[in-house]
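Student: Here you go, data_22.txt (compact mmCIF, C-alpha atoms):
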# COMPACT_ATOMS: atom_id res chain seq x y z
CA MET N 17 82.70 -12.93 -193.46
CA LEU N 18 84.04 -9.51 -194.36
CA GLU N 19 85.63 -9.26 -190.95
CA LEU N 20 87.37 -12.51 -191.56
CA ILE N 21 88.63 -11.32 -194.92
CA GLU N 22 89.87 -7.99 -193.44
CA SER N 23 91.78 -9.77 -190.74
CA VAL N 24 93.70 -11.93 -193.17
CA SER N 25 96.27 -10.61 -195.53
CA PRO N 26 95.12 -9.23 -198.86
CA VAL N 27 96.94 -12.04 -200.75
CA VAL N 28 95.05 -14.70 -198.83
CA ALA N 29 91.81 -12.78 -199.38
CA MET N 30 92.53 -12.58 -203.06
CA MET N 31 93.24 -16.31 -203.18
CA ALA N 32 90.00 -17.04 -201.35
CA ILE N 33 88.02 -14.89 -203.77
CA THR N 34 89.79 -16.53 -206.71
CA LEU N 35 89.05 -20.02 -205.39
CA THR N 36 85.40 -19.05 -204.83
CA VAL N 37 85.14 -17.77 -208.42
CA VAL N 38 86.88 -20.91 -209.71
CA ALA N 39 84.47 -23.08 -207.68
CA ILE N 40 81.50 -21.18 -209.11
CA VAL N 41 82.88 -21.55 -212.68
CA VAL N 42 83.55 -25.27 -212.15
CA ALA N 43 80.02 -25.74 -210.77
CA LYS N 44 78.57 -23.90 -213.78
CA ILE N 45 80.67 -26.00 -216.17
CA PHE N 46 79.63 -29.18 -214.38
CA PHE N 47 75.93 -28.35 -214.48
CA ALA N 48 76.17 -27.08 -218.05
CA THR N 49 78.03 -30.22 -219.10
CA LYS N 50 75.45 -32.38 -217.30
CA HIS N 51 72.68 -30.62 -219.25
CA GLU N 52 74.58 -31.02 -222.50
CA VAL N 53 75.16 -34.71 -221.78
CA LYS N 54 71.40 -35.15 -221.27
CA GLN N 55 70.77 -33.35 -224.56
CA VAL N 56 73.31 -35.50 -226.39
CA ARG N 57 71.79 -38.66 -224.91
CA LEU N 58 68.32 -37.59 -226.06
CA GLU N 59 69.66 -36.95 -229.55
CA GLN N 60 71.46 -40.30 -229.48
CA GLN N 61 68.24 -42.09 -228.51
CA GLN N 62 66.36 -40.33 -231.31
CA ILE N 63 69.04 -41.24 -233.87
CA THR N 64 69.07 -44.84 -232.61
CA SER N 65 65.29 -45.02 -232.97
CA GLU N 66 65.48 -43.64 -236.52
CA LEU N 67 68.24 -46.10 -237.41
CA ASN N 68 66.19 -49.01 -236.05
CA THR N 69 63.22 -47.88 -238.14
CA ALA N 70 65.46 -47.60 -241.22
CA PHE N 71 66.88 -51.10 -240.57
CA ASP N 72 63.33 -52.48 -240.27
CA VAL N 73 62.38 -50.88 -243.60
CA ILE N 74 65.53 -52.28 -245.23
CA LYS N 75 64.75 -55.74 -243.83
CA LYS N 76 61.20 -55.60 -245.22
CA LEU N 77 62.53 -54.44 -248.60
CA GLU N 78 65.01 -57.32 -248.66
CA GLN N 79 62.19 -59.79 -247.89
CA SER N 80 60.02 -58.26 -250.64
CA THR N 81 62.92 -58.43 -253.08
CA LYS N 82 63.56 -62.06 -252.19
CA SER N 83 59.87 -62.93 -252.65
CA ALA N 84 59.77 -61.08 -255.97
CA ARG N 85 62.91 -62.91 -257.11
CA VAL N 86 61.37 -66.30 -256.23
CA ALA N 87 58.15 -65.39 -258.08
CA HIS N 88 60.18 -64.16 -261.06
CA ASP N 89 62.15 -67.40 -261.20
CA ALA N 90 58.94 -69.47 -261.06
CA LEU N 91 57.37 -67.39 -263.84
CA GLN N 92 60.50 -67.71 -265.91
CA LEU N 93 60.34 -71.51 -265.58
CA GLN N 94 56.67 -71.49 -266.61
CA LEU N 95 57.50 -69.27 -269.57
CA GLN N 96 60.25 -71.64 -270.67
CA GLU N 97 57.83 -74.57 -270.41
CA CYS N 98 55.34 -72.66 -272.60
CA VAL N 99 58.05 -71.89 -275.16
CA ASP N 100 59.05 -75.55 -275.21
CA MET N 101 55.40 -76.63 -275.64
CA LEU N 102 54.94 -74.12 -278.49
CA ALA N 103 58.04 -75.44 -280.22
CA SER N 104 56.75 -78.99 -279.82
CA ASN N 105 53.28 -78.01 -281.07
CA SER N 106 54.80 -76.18 -284.01
CA GLU N 107 56.72 -79.31 -284.97
CA GLN N 108 53.55 -81.40 -284.65
CA ILE N 109 51.59 -78.92 -286.80
CA GLN N 110 54.27 -79.01 -289.47
CA SER N 111 54.23 -82.81 -289.39
CA ILE N 112 50.43 -82.87 -289.72
CA GLN N 113 50.52 -80.38 -292.59
CA ALA N 114 53.15 -82.43 -294.39
CA HIS N 115 51.10 -85.58 -293.86
CA THR N 116 47.94 -83.84 -295.13
CA GLN N 117 49.74 -82.66 -298.25
CA GLU N 118 51.04 -86.16 -298.81
CA ILE N 119 47.52 -87.58 -298.56
CA ASP N 120 46.18 -84.88 -300.88
CA GLN N 121 48.80 -85.75 -303.46
CA ARG N 122 48.09 -89.46 -303.20
CA ASP N 123 44.32 -89.18 -303.63
CA PRO N 124 43.16 -86.54 -306.10
CA GLN N 125 39.55 -87.48 -305.33
CA ILE N 126 39.93 -85.72 -301.94
CA LYS N 127 40.63 -82.47 -303.76
CA LEU N 128 37.34 -82.83 -305.58
CA TYR N 129 35.43 -83.36 -302.33
CA ALA N 130 37.18 -80.34 -300.77
CA LYS N 131 36.27 -78.25 -303.82
CA ALA N 132 32.67 -79.51 -303.66
CA SER N 133 32.46 -78.55 -299.97
CA THR N 134 33.75 -75.08 -300.79
CA LEU N 135 31.20 -74.67 -303.58
CA LEU N 136 28.41 -75.83 -301.24
CA ALA N 137 29.49 -73.28 -298.65
CA GLU N 138 29.36 -70.60 -301.35
CA GLY N 139 25.78 -71.64 -302.24
CA ALA N 140 26.30 -73.41 -305.56
CA ASN N 141 23.55 -75.76 -306.74
CA ILE N 142 23.95 -79.53 -307.08
CA ASP N 143 24.19 -79.55 -310.91
CA ASP N 144 27.01 -76.96 -310.93
CA ILE N 145 28.94 -78.91 -308.29
CA MET N 146 28.49 -82.18 -310.22
CA ALA N 147 29.88 -80.54 -313.34
CA ALA N 148 32.78 -78.76 -311.63
CA CYS N 149 33.93 -81.70 -309.50
CA ASP N 150 32.99 -84.67 -311.68
CA LEU N 151 30.95 -86.22 -308.85
CA ASP N 152 27.72 -88.25 -308.95
CA ARG N 153 24.45 -86.70 -307.79
CA ALA N 154 24.37 -89.03 -304.74
CA GLU N 155 27.84 -87.92 -303.65
CA VAL N 156 26.97 -84.22 -303.96
CA GLU N 157 23.68 -84.73 -302.11
CA LEU N 158 25.53 -86.58 -299.32
CA LEU N 159 28.04 -83.71 -299.06
CA LYS N 160 25.13 -81.23 -299.03
CA ASN N 161 23.41 -83.11 -296.20
CA LEU N 162 26.65 -83.28 -294.23
CA HIS N 163 27.25 -79.57 -294.86
CA THR N 164 23.71 -78.67 -293.82
CA ASN N 165 23.95 -80.69 -290.59
CA ASN N 166 27.20 -78.95 -289.62
Write out the structure in this file as structure tokens.
Tutor:
Amino acid sequence: MLELIESVSPVVAMMAITLTVVAIVVAKIFFATKHEVKQVRLEQQQITSELNTAFDVIKKLEQSTKSARVAHDALQLQLQECVDMLASNSEQIQSIQAHTQEIDQRDPQIKLYAKASTLLAEGANIDDIMAACDLDRAEVELLKNLHTNN
């Protein structure tokens, strides 16, 4: 090859050498670029895999949030029903208390029986209860038997 280069003019030889160097540089760039492309593709696949995993996690979180929201709404409805029932029960209790007071005011004898029951619970004897409540012995003994059975 040297003989061939010596026989041609130095300009042509220089051009041949330059083209050879350029070809070597282009080949190096091509192979280097090919390697870099492979590296970039590997990185792209890794990033894509990580993104898919992140999207799966986000999807599961959205499903969990939706389920929690449905459960929350159901519990809120149950709570409202309980509040409504309590309000209704409170009204009924007030009505019963008012009715009980009305009955107590109409029949003073009931107060005496209530007082006699209280005295029995405290351990008072029959004579003391008869005197305090203005009740007959038979009535006090009946209350005592009822109190003892309960």
Student: Report, in Å to a single decimal, how far apart CA of Gln117 in chain N and CA of Cys149 in chain N are.
Tutor: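 Spanning CA of Cys149 in chain N to CA of Gln117 in chain N is a straight-line distance of 19.4 Å.
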Student: Fewer than 3 positions away in the same chain doesn't count, so skip those; otherwise give me all residues within 9 Å of range 159-164 of chain N, counting all atoms listed in the file, as a PyMOL selection string.
Tutor: chain N and resi 129+132-133+136-137+142+154-156
Student: Using CA of Ala70 in chain N and CA of Val86 in chain N as the two end points, give the distance in Å to one decimal.
Tutor: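 Computing the Euclidean distance for CA of Ala70 in chain N and CA of Val86 in chain N yields 24.3 Å.
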Student: As a PDB file, keeping the file's coordinate frame, could you write out range 86-110 of chain N once it has been completed with N, CA and C atoms?
Tutor:
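This is the output file rebuild22.pdb:
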ATOM      1  N   VAL N  86      61.879 -64.928-256.180  1.00  0.00           N
ATOM      2  CA  VAL N  86      61.370 -66.300-256.230  1.00  0.00           C
ATOM      3  C   VAL N  86      60.210 -66.392-257.222  1.00  0.00           C
ATOM      4  N   ALA N  87      59.294 -65.409-257.152  1.00  0.00           N
ATOM      5  CA  ALA N  87      58.150 -65.390-258.080  1.00  0.00           C
ATOM      6  C   ALA N  87      58.637 -65.229-259.520  1.00  0.00           C
ATOM      7  N   HIS N  88      59.614 -64.369-259.718  1.00  0.00           N
ATOM      8  CA  HIS N  88      60.180 -64.160-261.060  1.00  0.00           C
ATOM      9  C   HIS N  88      60.772 -65.446-261.605  1.00  0.00           C
ATOM     10  N   ASP N  89      61.527 -66.149-260.764  1.00  0.00           N
ATOM     11  CA  ASP N  89      62.150 -67.400-261.200  1.00  0.00           C
ATOM     12  C   ASP N  89      61.083 -68.439-261.573  1.00  0.00           C
ATOM     13  N   ALA N  90      60.010 -68.512-260.765  1.00  0.00           N
ATOM     14  CA  ALA N  90      58.940 -69.470-261.060  1.00  0.00           C
ATOM     15  C   ALA N  90      58.258 -69.110-262.380  1.00  0.00           C
ATOM     16  N   LEU N  91      57.997 -67.822-262.584  1.00  0.00           N
ATOM     17  CA  LEU N  91      57.370 -67.390-263.840  1.00  0.00           C
ATOM     18  C   LEU N  91      58.278 -67.648-265.035  1.00  0.00           C
ATOM     19  N   GLN N  92      59.554 -67.468-264.826  1.00  0.00           N
ATOM     20  CA  GLN N  92      60.500 -67.710-265.910  1.00  0.00           C
ATOM     21  C   GLN N  92      60.510 -69.196-266.293  1.00  0.00           C
ATOM     22  N   LEU N  93      60.419 -70.072-265.289  1.00  0.00           N
ATOM     23  CA  LEU N  93      60.340 -71.510-265.580  1.00  0.00           C
ATOM     24  C   LEU N  93      59.059 -71.836-266.343  1.00  0.00           C
ATOM     25  N   GLN N  94      57.942 -71.253-265.914  1.00  0.00           N
ATOM     26  CA  GLN N  94      56.670 -71.490-266.610  1.00  0.00           C
ATOM     27  C   GLN N  94      56.748 -70.986-268.044  1.00  0.00           C
ATOM     28  N   LEU N  95      57.353 -69.825-268.232  1.00  0.00           N
ATOM     29  CA  LEU N  95      57.500 -69.270-269.570  1.00  0.00           C
ATOM     30  C   LEU N  95      58.328 -70.196-270.449  1.00  0.00           C
ATOM     31  N   GLN N  96      59.401 -70.723-269.899  1.00  0.00           N
ATOM     32  CA  GLN N  96      60.250 -71.640-270.670  1.00  0.00           C
ATOM     33  C   GLN N  96      59.476 -72.895-271.040  1.00  0.00           C
ATOM     34  N   GLU N  97      58.649 -73.403-270.103  1.00  0.00           N
ATOM     35  CA  GLU N  97      57.830 -74.570-270.410  1.00  0.00           C
ATOM     36  C   GLU N  97      56.856 -74.259-271.546  1.00  0.00           C
ATOM     37  N   CYS N  98      56.257 -73.066-271.520  1.00  0.00           N
ATOM     38  CA  CYS N  98      55.340 -72.660-272.600  1.00  0.00           C
ATOM     39  C   CYS N  98      56.069 -72.566-273.932  1.00  0.00           C
ATOM     40  N   VAL N  99      57.258 -72.003-273.922  1.00  0.00           N
ATOM     41  CA  VAL N  99      58.050 -71.890-275.160  1.00  0.00           C
ATOM     42  C   VAL N  99      58.374 -73.282-275.690  1.00  0.00           C
ATOM     43  N   ASP N 100      58.741 -74.184-274.787  1.00  0.00           N
ATOM     44  CA  ASP N 100      59.050 -75.550-275.210  1.00  0.00           C
ATOM     45  C   ASP N 100      57.805 -76.244-275.795  1.00  0.00           C
ATOM     46  N   MET N 101      56.642 -76.031-275.135  1.00  0.00           N
ATOM     47  CA  MET N 101      55.400 -76.630-275.640  1.00  0.00           C
ATOM     48  C   MET N 101      55.051 -76.050-277.013  1.00  0.00           C
ATOM     49  N   LEU N 102      55.224 -74.736-277.191  1.00  0.00           N
ATOM     50  CA  LEU N 102      54.940 -74.120-278.490  1.00  0.00           C
ATOM     51  C   LEU N 102      55.845 -74.688-279.575  1.00  0.00           C
ATOM     52  N   ALA N 103      57.109 -74.871-279.240  1.00  0.00           N
ATOM     53  CA  ALA N 103      58.040 -75.440-280.220  1.00  0.00           C
ATOM     54  C   ALA N 103      57.597 -76.858-280.594  1.00  0.00           C
ATOM     55  N   SER N 104      57.205 -77.624-279.574  1.00  0.00           N
ATOM     56  CA  SER N 104      56.750 -78.990-279.820  1.00  0.00           C
ATOM     57  C   SER N 104      55.468 -78.991-280.662  1.00  0.00           C
ATOM     58  N   ASN N 105      54.534 -78.105-280.313  1.00  0.00           N
ATOM     59  CA  ASN N 105      53.280 -78.010-281.070  1.00  0.00           C
ATOM     60  C   ASN N 105      53.538 -77.566-282.511  1.00  0.00           C
ATOM     61  N   SER N 106      54.456 -76.656-282.672  1.00  0.00           N
ATOM     62  CA  SER N 106      54.800 -76.180-284.010  1.00  0.00           C
ATOM     63  C   SER N 106      55.339 -77.330-284.852  1.00  0.00           C
ATOM     64  N   GLU N 107      56.180 -78.155-284.253  1.00  0.00           N
ATOM     65  CA  GLU N 107      56.720 -79.310-284.970  1.00  0.00           C
ATOM     66  C   GLU N 107      55.603 -80.290-285.326  1.00  0.00           C
ATOM     67  N   GLN N 108      54.664 -80.486-284.388  1.00  0.00           N
ATOM     68  CA  GLN N 108      53.550 -81.400-284.650  1.00  0.00           C
ATOM     69  C   GLN N 108      52.666 -80.847-285.777  1.00  0.00           C
ATOM     70  N   ILE N 109      52.404 -79.549-285.756  1.00  0.00           N
ATOM     71  CA  ILE N 109      51.590 -78.920-286.800  1.00  0.00           C
ATOM     72  C   ILE N 109      52.257 -79.087-288.161  1.00  0.00           C
ATOM     73  N   GLN N 110      53.544 -78.857-288.212  1.00  0.00           N
ATOM     74  CA  GLN N 110      54.270 -79.010-289.470  1.00  0.00           C
ATOM     75  C   GLN N 110      54.199 -80.460-289.958  1.00  0.00           C
TER      76      GLN N 110
END
